[in-house]
$ cat data_9.cif   # mmCIF, C-alpha atoms
data_start
loop_
_atom_site.label_atom_id
_atom_site.label_comp_id
_atom_site.auth_asym_id
_atom_site.auth_seq_id
_atom_site.Cartn_x
_atom_site.Cartn_y
_atom_site.Cartn_z
CA ALA Y 1 7.41 -0.65 -16.42
CA GLN Y 2 7.18 -2.66 -13.29
CA SER Y 3 4.08 -4.72 -12.55
CA VAL Y 4 2.83 -7.26 -10.07
CA THR Y 5 0.34 -10.08 -10.56
CA GLN Y 6 -1.46 -11.88 -7.78
CA PRO Y 7 -3.33 -14.67 -9.57
CA ASP Y 8 -5.60 -15.61 -6.69
CA ILE Y 9 -8.34 -13.13 -5.85
CA HIS Y 10 -9.67 -15.12 -2.91
CA ILE Y 11 -8.29 -18.07 -0.95
CA THR Y 12 -9.99 -20.02 1.82
CA VAL Y 13 -7.91 -22.03 4.25
CA SER Y 14 -8.77 -24.01 7.35
CA GLU Y 15 -7.33 -22.80 10.62
CA GLY Y 16 -4.08 -24.62 11.32
CA ALA Y 17 -3.47 -25.45 7.67
CA SER Y 18 -0.54 -24.17 5.65
CA LEU Y 19 -0.82 -21.21 3.34
CA GLU Y 20 0.85 -20.06 0.15
CA LEU Y 21 -0.10 -16.84 -1.62
CA ARG Y 22 1.28 -16.35 -5.09
CA CYS Y 23 2.96 -13.26 -6.48
CA ASN Y 24 4.64 -12.77 -9.85
CA TYR Y 25 6.43 -9.61 -10.84
CA SER Y 26 7.79 -7.93 -13.91
CA TYR Y 27 10.77 -5.66 -13.47
CA GLY Y 28 13.78 -4.80 -15.59
CA ALA Y 29 16.38 -5.19 -12.88
CA THR Y 30 16.74 -6.85 -9.52
CA PRO Y 31 13.50 -5.96 -7.80
CA TYR Y 32 12.71 -4.85 -4.32
CA LEU Y 33 9.76 -6.98 -3.25
CA PHE Y 34 7.33 -6.52 -0.42
CA TRP Y 35 4.32 -8.17 1.14
CA TYR Y 36 1.76 -6.08 2.99
CA VAL Y 37 -1.32 -7.13 4.94
CA GLN Y 38 -4.49 -5.10 5.29
CA SER Y 39 -6.92 -6.09 8.01
CA PRO Y 40 -10.54 -4.94 7.58
CA GLY Y 41 -10.84 -1.19 8.03
CA GLN Y 42 -7.12 -0.82 8.60
CA GLY Y 43 -4.13 0.50 6.74
CA LEU Y 44 -1.41 -1.65 5.23
CA GLN Y 45 1.20 -3.23 7.44
CA LEU Y 46 4.54 -4.41 6.11
CA LEU Y 47 4.99 -8.17 6.59
CA LEU Y 48 8.39 -8.61 4.98
CA LYS Y 49 10.66 -7.37 2.23
CA TYR Y 50 13.38 -8.65 -0.07
CA PHE Y 51 16.25 -6.58 -1.40
CA SER Y 52 19.13 -8.96 -1.95
CA GLY Y 53 20.98 -11.85 -0.37
CA ASP Y 54 19.18 -14.84 1.10
CA THR Y 55 16.21 -15.60 -1.10
CA LEU Y 56 14.13 -16.86 1.83
CA VAL Y 57 13.06 -13.94 4.00
CA GLN Y 58 11.34 -14.06 7.32
CA GLY Y 59 8.71 -11.59 8.35
CA ILE Y 60 6.41 -10.76 11.18
CA LYS Y 61 3.52 -12.93 12.39
CA GLY Y 62 5.25 -16.14 11.31
CA PHE Y 63 5.22 -15.36 7.58
CA GLU Y 64 8.02 -16.04 5.15
CA ALA Y 65 8.50 -15.50 1.43
CA GLU Y 66 10.86 -16.93 -1.13
CA PHE Y 67 12.30 -14.98 -4.04
CA LYS Y 68 12.72 -17.11 -7.16
CA ARG Y 69 14.34 -15.13 -9.95
CA SER Y 70 13.88 -17.90 -12.52
CA GLN Y 71 10.14 -17.85 -11.96
CA SER Y 72 9.82 -14.10 -11.29
CA SER Y 73 7.95 -15.04 -8.14
CA PHE Y 74 7.83 -13.98 -4.52
CA ASN Y 75 5.31 -16.27 -2.86
CA LEU Y 76 4.21 -15.77 0.72
CA ARG Y 77 3.94 -18.76 3.04
CA LYS Y 78 2.88 -19.60 6.54
CA PRO Y 79 3.04 -23.14 7.98
CA SER Y 80 -0.08 -22.85 10.14
CA VAL Y 81 -2.64 -20.07 9.81
CA HIS Y 82 -4.60 -18.54 12.64
CA TRP Y 83 -8.08 -17.02 12.45
CA SER Y 84 -6.49 -13.60 12.94
CA ASP Y 85 -4.64 -13.99 9.63
CA ALA Y 86 -7.88 -13.35 7.74
CA ALA Y 87 -7.15 -10.19 5.76
CA GLU Y 88 -6.23 -8.84 2.35
CA TYR Y 89 -2.63 -9.47 1.28
CA PHE Y 90 -0.79 -7.31 -1.20
CA CYS Y 91 2.45 -8.04 -3.00
CA ALA Y 92 4.41 -4.99 -4.21
CA VAL Y 93 7.48 -4.30 -6.33
CA GLY Y 94 9.87 -1.36 -6.37
CA PRO Y 95 10.46 1.40 -5.71
CA PHE Y 96 13.72 2.48 -7.16
CA GLY Y 97 14.71 6.07 -7.78
CA ASN Y 98 11.59 7.95 -8.70
CA GLU Y 99 9.60 4.81 -9.41
CA LYS Y 100 6.76 4.25 -7.02
CA LEU Y 101 5.79 1.18 -5.05
CA THR Y 102 3.49 -0.79 -7.38
CA PHE Y 103 0.94 -3.08 -5.80
CA GLY Y 104 -0.75 -6.21 -7.01
CA THR Y 105 -4.51 -6.44 -6.90
CA GLY Y 106 -4.49 -8.30 -3.62
CA THR Y 107 -5.56 -11.73 -2.37
CA ARG Y 108 -8.32 -11.96 0.17
CA LEU Y 109 -7.67 -14.69 2.74
CA THR Y 110 -10.58 -16.30 4.56
CA ILE Y 111 -9.95 -18.67 7.46
CA ILE Y 112 -12.53 -21.32 8.29
CA PRO Y 113 -12.68 -23.20 11.61
CA ASP B 1 2.98 6.59 19.30
CA THR B 2 5.14 6.86 16.21
CA ALA B 3 2.90 6.58 13.22
CA VAL B 4 1.28 8.00 10.14
CA SER B 5 -2.02 9.53 11.11
CA GLN B 6 -4.79 10.66 8.83
CA THR B 7 -7.87 12.71 9.54
CA PRO B 8 -10.72 12.28 9.16
CA LYS B 9 -11.18 8.52 9.14
CA TYR B 10 -14.55 8.82 7.42
CA LEU B 11 -15.80 11.60 5.19
CA VAL B 12 -19.25 11.73 3.63
CA THR B 13 -19.99 14.69 1.42
CA GLN B 14 -22.13 15.83 -1.47
CA MET B 15 -21.08 16.12 -5.08
CA GLY B 16 -19.55 19.46 -5.92
CA ASN B 17 -18.15 20.11 -2.46
CA ASP B 18 -14.49 20.79 -1.67
CA LYS B 19 -12.84 18.74 1.06
CA SER B 20 -9.41 18.14 2.55
CA ILE B 21 -7.73 15.13 4.10
CA LYS B 22 -4.81 15.69 6.44
CA CYS B 23 -1.81 13.46 7.01
CA GLU B 24 0.98 13.71 9.52
CA GLN B 25 3.92 11.45 10.26
CA ASN B 26 6.16 11.62 13.29
CA LEU B 27 8.64 9.04 12.05
CA GLY B 28 11.15 11.56 10.75
CA HIS B 29 10.67 10.22 7.22
CA ASP B 30 11.69 12.28 4.21
CA THR B 31 9.05 11.16 1.75
CA MET B 32 5.27 11.02 1.86
CA TYR B 33 2.70 9.60 -0.52
CA TRP B 34 -0.99 9.54 -1.30
CA TYR B 35 -2.54 6.33 -2.60
CA LYS B 36 -6.11 5.74 -3.71
CA GLN B 37 -7.74 2.36 -3.09
CA ASP B 38 -10.84 1.72 -5.17
CA SER B 39 -13.78 -0.53 -4.42
CA LYS B 40 -11.89 -3.52 -5.83
CA LYS B 41 -9.03 -2.88 -3.38
CA PHE B 42 -6.69 -1.76 -6.16
CA LEU B 43 -4.04 0.63 -4.83
CA LYS B 44 -2.81 3.36 -7.11
CA ILE B 45 -0.30 6.05 -6.27
CA MET B 46 -1.43 9.62 -6.71
CA PHE B 47 1.37 11.81 -5.41
CA SER B 48 4.74 11.65 -3.74
CA TYR B 49 6.58 14.42 -1.92
CA ASN B 50 10.17 14.43 -0.77
CA ASN B 51 11.10 17.13 1.74
CA LYS B 52 8.13 19.23 0.67
CA GLU B 53 8.89 18.89 -3.04
CA LEU B 54 6.65 17.04 -5.47
CA ILE B 55 8.47 14.07 -7.05
CA ILE B 56 5.65 11.90 -8.37
CA ASN B 57 2.44 13.24 -9.83
CA GLU B 58 0.48 10.47 -11.48
CA THR B 59 -2.35 11.11 -13.86
CA VAL B 60 -5.03 12.36 -11.55
CA PRO B 61 -7.59 15.09 -12.20
CA ASN B 62 -6.30 18.54 -11.35
CA ARG B 63 -9.18 18.78 -8.88
CA PHE B 64 -6.79 16.93 -6.58
CA SER B 65 -4.10 19.15 -5.13
CA PRO B 66 -1.55 17.99 -2.57
CA LYS B 67 0.09 20.40 -0.23
CA SER B 68 3.11 19.79 1.98
CA PRO B 69 3.72 22.60 4.49
CA ASP B 70 6.67 20.68 5.94
CA LYS B 71 8.15 17.25 5.53
CA ALA B 72 5.99 15.81 8.30
CA HIS B 73 2.70 16.80 6.68
CA LEU B 74 1.09 16.04 3.35
CA ASN B 75 -2.49 17.14 2.92
CA LEU B 76 -4.82 16.35 0.02
CA HIS B 77 -7.38 18.86 -1.13
CA ILE B 78 -10.12 17.83 -3.52
CA ASN B 79 -12.25 20.36 -5.38
CA SER B 80 -15.65 19.77 -6.96
CA LEU B 81 -16.03 16.25 -5.65
CA GLU B 82 -17.52 13.65 -8.00
CA LEU B 83 -19.15 10.30 -7.34
CA GLY B 84 -16.10 8.53 -8.78
CA ASP B 85 -13.89 10.04 -6.12
CA SER B 86 -15.45 7.70 -3.57
CA ALA B 87 -12.61 5.49 -2.36
CA VAL B 88 -10.27 4.94 0.53
CA TYR B 89 -7.31 7.30 0.47
CA PHE B 90 -4.11 6.20 2.17
CA CYS B 91 -1.24 8.37 3.22
CA ALA B 92 2.16 6.73 3.57
CA SER B 93 5.72 7.71 4.33
CA SER B 94 9.18 6.29 3.78
CA LEU B 95 12.56 7.03 5.26
CA GLU B 96 14.33 7.45 1.95
CA SER B 97 13.25 9.16 -1.22
CA ASP B 98 13.28 5.84 -3.04
CA GLY B 99 11.41 4.07 -0.27
CA VAL B 100 13.60 1.00 -0.27
CA SER B 101 12.91 0.26 3.37
CA GLY B 102 9.22 0.05 2.66
CA TYR B 103 6.38 2.38 3.36
CA THR B 104 4.48 3.03 6.58
CA PHE B 105 0.79 3.54 5.89
CA GLY B 106 -1.87 5.46 7.71
CA SER B 107 -5.16 3.75 8.49
CA GLY B 108 -6.94 5.41 5.58
CA THR B 109 -9.73 7.91 4.97
CA ARG B 110 -12.92 6.47 3.53
CA LEU B 111 -14.42 9.14 1.31
CA THR B 112 -18.02 8.72 0.20
CA VAL B 113 -19.46 11.19 -2.27
CA VAL B 114 -23.26 11.20 -2.49
#
$ encode --input "data_9.cif" --output "structure tokens"
Amino acid sequence: AQSVTQPDIHITVSEGASLELRCNYSYGATPYLFWYVQSPGQGLQLLLKYFSGDTLVQGIKGFEAEFKRSQSSFNLRKPSVHWSDAAEYFCAVGPFGNEKLTFGTGTRLTIIP
Amino acid sequence: DTAVSQTPKYLVTQMGNDKSIKCEQNLGHDTMYWYKQDSKKFLKIMFSYNNKELIINETVPNRFSPKSPDKAHLNLHINSLELGDSAVYFCASSLESDGVSGYTFGSGTRLTVV
């Protein structure tokens, strides 16, 4: 069965600093990987996705993520965070066929001035 | 606006009541989903419908019954509400039945059972 682990429950970063959120997955084949962001009181918005090809994918809001098969990872990065990036970030794997999209437990990002 | 819209946004009700949450998408997507997000922000799929047919039915109490009158609507009816049903319920849709392009989520319905 597919699964996703986000090891960091909460990360605090200074505004303007770089950011990396970790995601590790378990999947029997080549995964489809996603990052979603959830702002307070809002639904989930798709930041980026990886299916195949270039392992470095660009997303919205200046985010990027790198797929590393050898490490079963799909970490999210941003070179310089803004206060508006404060939110909950979810990594997800799948779906394929009748499998569903499986989410990690999320990482809450706090931005300090 | 093209979107997934859920109503109501907030729902406060007493134990034992029956309530419904409605979801509509105008994206032309084939597949719709219900997810439950608990107090720890964990997201768990409940149901998935493709063109009005149930394709995923995770282990949820049979007090929860989805209904899809057409492929643009997926409603969630909950009977005999319990305290543990308090959560945020998200509706989502995807273009394909396997959702490979990603899901579009509604803004959620916060259900509080008192």
$ closest_atom_pairs --input "data_9.cif" --of "chain Y" --to "chain B" --cutoff "12 Å" --atoms "only C-alpha atoms" --output "JSON lines"
{"residue": "Y:Ser3", "atom": "CA", "partner": "B:Lys44", "partner_atom": "CA", "distance": 11.9}
{"residue": "Y:Val4", "atom": "CA", "partner": "B:Phe42", "partner_atom": "CA", "distance": 11.7}
{"residue": "Y:Thr5", "atom": "CA", "partner": "B:Phe42", "partner_atom": "CA", "distance": 11.7}
{"residue": "Y:Gln6", "atom": "CA", "partner": "B:Phe42", "partner_atom": "CA", "distance": 11.5}
{"residue": "Y:Ile9", "atom": "CA", "partner": "B:Lys40", "partner_atom": "CA", "distance": 10.2}
{"residue": "Y:Pro31", "atom": "CA", "partner": "B:Val100", "partner_atom": "CA", "distance": 10.3}
{"residue": "Y:Tyr32", "atom": "CA", "partner": "B:Val100", "partner_atom": "CA", "distance": 7.2}
{"residue": "Y:Leu33", "atom": "CA", "partner": "B:Gly102", "partner_atom": "CA", "distance": 9.2}
{"residue": "Y:Phe34", "atom": "CA", "partner": "B:Gly102", "partner_atom": "CA", "distance": 7.5}
{"residue": "Y:Trp35", "atom": "CA", "partner": "B:Gly102", "partner_atom": "CA", "distance": 9.7}
{"residue": "Y:Tyr36", "atom": "CA", "partner": "B:Tyr103", "partner_atom": "CA", "distance": 9.6}
{"residue": "Y:Val37", "atom": "CA", "partner": "B:Phe105", "partner_atom": "CA", "distance": 10.9}
{"residue": "Y:Gln38", "atom": "CA", "partner": "B:Ser107", "partner_atom": "CA", "distance": 9.4}
{"residue": "Y:Ser39", "atom": "CA", "partner": "B:Ser107", "partner_atom": "CA", "distance": 10.0}
{"residue": "Y:Pro40", "atom": "CA", "partner": "B:Ser107", "partner_atom": "CA", "distance": 10.3}
{"residue": "Y:Gly41", "atom": "CA", "partner": "B:Ser107", "partner_atom": "CA", "distance": 7.5}
{"residue": "Y:Gln42", "atom": "CA", "partner": "B:Ser107", "partner_atom": "CA", "distance": 5.0}
{"residue": "Y:Gly43", "atom": "CA", "partner": "B:Ser107", "partner_atom": "CA", "distance": 3.8}
{"residue": "Y:Leu44", "atom": "CA", "partner": "B:Phe105", "partner_atom": "CA", "distance": 5.7}
{"residue": "Y:Gln45", "atom": "CA", "partner": "B:Phe105", "partner_atom": "CA", "distance": 7.0}
{"residue": "Y:Leu46", "atom": "CA", "partner": "B:Gly102", "partner_atom": "CA", "distance": 7.3}
{"residue": "Y:Leu47", "atom": "CA", "partner": "B:Gly102", "partner_atom": "CA", "distance": 10.0}
{"residue": "Y:Leu48", "atom": "CA", "partner": "B:Gly102", "partner_atom": "CA", "distance": 9.0}
{"residue": "Y:Lys49", "atom": "CA", "partner": "B:Gly102", "partner_atom": "CA", "distance": 7.6}
{"residue": "Y:Tyr50", "atom": "CA", "partner": "B:Ser101", "partner_atom": "CA", "distance": 9.6}
{"residue": "Y:Phe51", "atom": "CA", "partner": "B:Val100", "partner_atom": "CA", "distance": 8.1}
{"residue": "Y:Ser52", "atom": "CA", "partner": "B:Val100", "partner_atom": "CA", "distance": 11.5}
{"residue": "Y:Ala87", "atom": "CA", "partner": "B:Lys41", "partner_atom": "CA", "distance": 11.9}
{"residue": "Y:Glu88", "atom": "CA", "partner": "B:Lys41", "partner_atom": "CA", "distance": 8.7}
{"residue": "Y:Tyr89", "atom": "CA", "partner": "B:Lys41", "partner_atom": "CA", "distance": 10.3}
{"residue": "Y:Phe90", "atom": "CA", "partner": "B:Leu43", "partner_atom": "CA", "distance": 9.3}
{"residue": "Y:Cys91", "atom": "CA", "partner": "B:Leu43", "partner_atom": "CA", "distance": 11.0}
{"residue": "Y:Ala92", "atom": "CA", "partner": "B:Gly102", "partner_atom": "CA", "distance": 9.8}
{"residue": "Y:Val93", "atom": "CA", "partner": "B:Val100", "partner_atom": "CA", "distance": 10.1}
{"residue": "Y:Gly94", "atom": "CA", "partner": "B:Val100", "partner_atom": "CA", "distance": 7.5}
{"residue": "Y:Pro95", "atom": "CA", "partner": "B:Asp98", "partner_atom": "CA", "distance": 5.9}
{"residue": "Y:Phe96", "atom": "CA", "partner": "B:Asp98", "partner_atom": "CA", "distance": 5.3}
{"residue": "Y:Gly97", "atom": "CA", "partner": "B:Asp98", "partner_atom": "CA", "distance": 5.0}
{"residue": "Y:Asn98", "atom": "CA", "partner": "B:Asp98", "partner_atom": "CA", "distance": 6.3}
{"residue": "Y:Glu99", "atom": "CA", "partner": "B:Asp98", "partner_atom": "CA", "distance": 7.4}
{"residue": "Y:Lys100", "atom": "CA", "partner": "B:Ile45", "partner_atom": "CA", "distance": 7.3}
{"residue": "Y:Leu101", "atom": "CA", "partner": "B:Ile45", "partner_atom": "CA", "distance": 7.9}
{"residue": "Y:Thr102", "atom": "CA", "partner": "B:Lys44", "partner_atom": "CA", "distance": 7.5}
{"residue": "Y:Phe103", "atom": "CA", "partner": "B:Leu43", "partner_atom": "CA", "distance": 6.3}
{"residue": "Y:Gly104", "atom": "CA", "partner": "B:Phe42", "partner_atom": "CA", "distance": 7.5}
{"residue": "Y:Thr105", "atom": "CA", "partner": "B:Phe42", "partner_atom": "CA", "distance": 5.2}
{"residue": "Y:Gly106", "atom": "CA", "partner": "B:Lys41", "partner_atom": "CA", "distance": 7.1}
{"residue": "Y:Thr107", "atom": "CA", "partner": "B:Lys41", "partner_atom": "CA", "distance": 9.6}
{"residue": "Y:Arg108", "atom": "CA", "partner": "B:Lys41", "partner_atom": "CA", "distance": 9.8}
$ closest_residue --input "data_9.cif" --among "Y:Ser18, Y:Ile111, Y:Asp54, Y:Ser26" --to "Y:Leu76" --atoms "all atoms listed in the file"
Y:Ser18
$ closest_residue --input "data_9.cif" --among "B:Leu54, B:Val12, B:Leu95, B:Val114" --to "B:Glu82" --atoms "all atoms listed in the file"
B:Val114
$ atom_distance --input "data_9.cif" --atom1 "atom CA of Y:His10" --atom2 "atom CA of Y:Glu64"
19.5 Å
$ atom_distance --input "data_9.cif" --atom1 "atom CA of Y:Ala1" --atom2 "atom CA of B:Thr59"
15.5 Å
$ atom_distance --input "data_9.cif" --atom1 "atom CA of B:Asn51" --atom2 "atom CA of B:Ala3"
17.6 Å
$ resolve_selection --input "data_9.cif" --expression "the PyMOL selection byres ((chain Y and resi 84) around 10)" --output "list in words"
Glu15, Ser39, Val81, His82, Trp83, Asp85, Ala86, Ala87, Thr110 and Ile111 of chain Y
$ residues_around --input "data_9.cif" --residues "stretch 14-26 of chain B" --least-positions-apart "5" --cutoff "10 Å" --atoms "all atoms listed in the file" --output "PyMOL selection string"
chain B and resi 1-9+31-34+63-68+70-85+89-94+104-106+108-109+111-114
$ resolve_selection --input "data_9.cif" --expression "the PyMOL selection byres ((chain Y and resi 55) around 9)" --output "PyMOL selection string"
chain Y and resi 50+52-54+56-57+65-68
$ residues_near_point --input "data_9.cif" --point "(-8.4, 5.4, -3.0)" --cutoff "6 Å" --atoms "all atoms listed in the file" --output "MDAnalysis selection string"
chainID B and resid 35:38 87:89
$ decode --input "data_9.cif" --residues "stretch 24-37 of chain B" --atoms "N, CA and C atoms" --output "PDB file, in the first residue's frame"
ATOM      1  N   GLU B  24     -20.733  20.699  -5.352  1.00  0.00           N
ATOM      2  CA  GLU B  24     -20.949  20.861  -6.791  1.00  0.00           C
ATOM      3  C   GLU B  24     -19.649  21.305  -7.444  1.00  0.00           C
ATOM      4  N   GLN B  25     -19.372  20.760  -8.609  1.00  0.00           N
ATOM      5  CA  GLN B  25     -18.210  21.231  -9.375  1.00  0.00           C
ATOM      6  C   GLN B  25     -18.650  21.574 -10.793  1.00  0.00           C
ATOM      7  N   ASN B  26     -18.124  22.697 -11.266  1.00  0.00           N
ATOM      8  CA  ASN B  26     -18.454  23.128 -12.625  1.00  0.00           C
ATOM      9  C   ASN B  26     -17.232  23.062 -13.539  1.00  0.00           C
ATOM     10  N   LEU B  27     -16.337  22.139 -13.202  1.00  0.00           N
ATOM     11  CA  LEU B  27     -15.094  21.980 -13.955  1.00  0.00           C
ATOM     12  C   LEU B  27     -15.211  20.950 -15.071  1.00  0.00           C
ATOM     13  N   GLY B  28     -16.344  20.266 -15.134  1.00  0.00           N
ATOM     14  CA  GLY B  28     -16.497  19.208 -16.123  1.00  0.00           C
ATOM     15  C   GLY B  28     -15.732  17.944 -15.776  1.00  0.00           C
ATOM     16  N   HIS B  29     -15.339  17.810 -14.513  1.00  0.00           N
ATOM     17  CA  HIS B  29     -14.583  16.639 -14.077  1.00  0.00           C
ATOM     18  C   HIS B  29     -15.481  15.409 -13.982  1.00  0.00           C
ATOM     19  N   ASP B  30     -14.832  14.240 -14.164  1.00  0.00           N
ATOM     20  CA  ASP B  30     -15.581  12.985 -14.138  1.00  0.00           C
ATOM     21  C   ASP B  30     -15.706  12.384 -12.747  1.00  0.00           C
ATOM     22  N   THR B  31     -14.760  12.716 -11.869  1.00  0.00           N
ATOM     23  CA  THR B  31     -14.680  12.014 -10.598  1.00  0.00           C
ATOM     24  C   THR B  31     -14.738  12.997  -9.445  1.00  0.00           C
ATOM     25  N   MET B  32     -15.460  12.596  -8.405  1.00  0.00           N
ATOM     26  CA  MET B  32     -15.582  13.424  -7.204  1.00  0.00           C
ATOM     27  C   MET B  32     -15.308  12.588  -5.973  1.00  0.00           C
ATOM     28  N   TYR B  33     -14.873  13.278  -4.908  1.00  0.00           N
ATOM     29  CA  TYR B  33     -14.406  12.599  -3.702  1.00  0.00           C
ATOM     30  C   TYR B  33     -14.917  13.332  -2.458  1.00  0.00           C
ATOM     31  N   TRP B  34     -15.002  12.578  -1.377  1.00  0.00           N
ATOM     32  CA  TRP B  34     -15.153  13.166  -0.049  1.00  0.00           C
ATOM     33  C   TRP B  34     -13.972  12.730   0.810  1.00  0.00           C
ATOM     34  N   TYR B  35     -13.342  13.740   1.440  1.00  0.00           N
ATOM     35  CA  TYR B  35     -12.266  13.508   2.388  1.00  0.00           C
ATOM     36  C   TYR B  35     -12.683  14.063   3.740  1.00  0.00           C
ATOM     37  N   LYS B  36     -12.193  13.406   4.800  1.00  0.00           N
ATOM     38  CA  LYS B  36     -12.414  13.894   6.147  1.00  0.00           C
ATOM     39  C   LYS B  36     -11.070  14.335   6.725  1.00  0.00           C
ATOM     40  N   GLN B  37     -11.030  15.542   7.272  1.00  0.00           N
ATOM     41  CA  GLN B  37      -9.822  16.032   7.927  1.00  0.00           C
ATOM     42  C   GLN B  37     -10.090  16.161   9.420  1.00  0.00           C
TER      43      GLN B  37
END
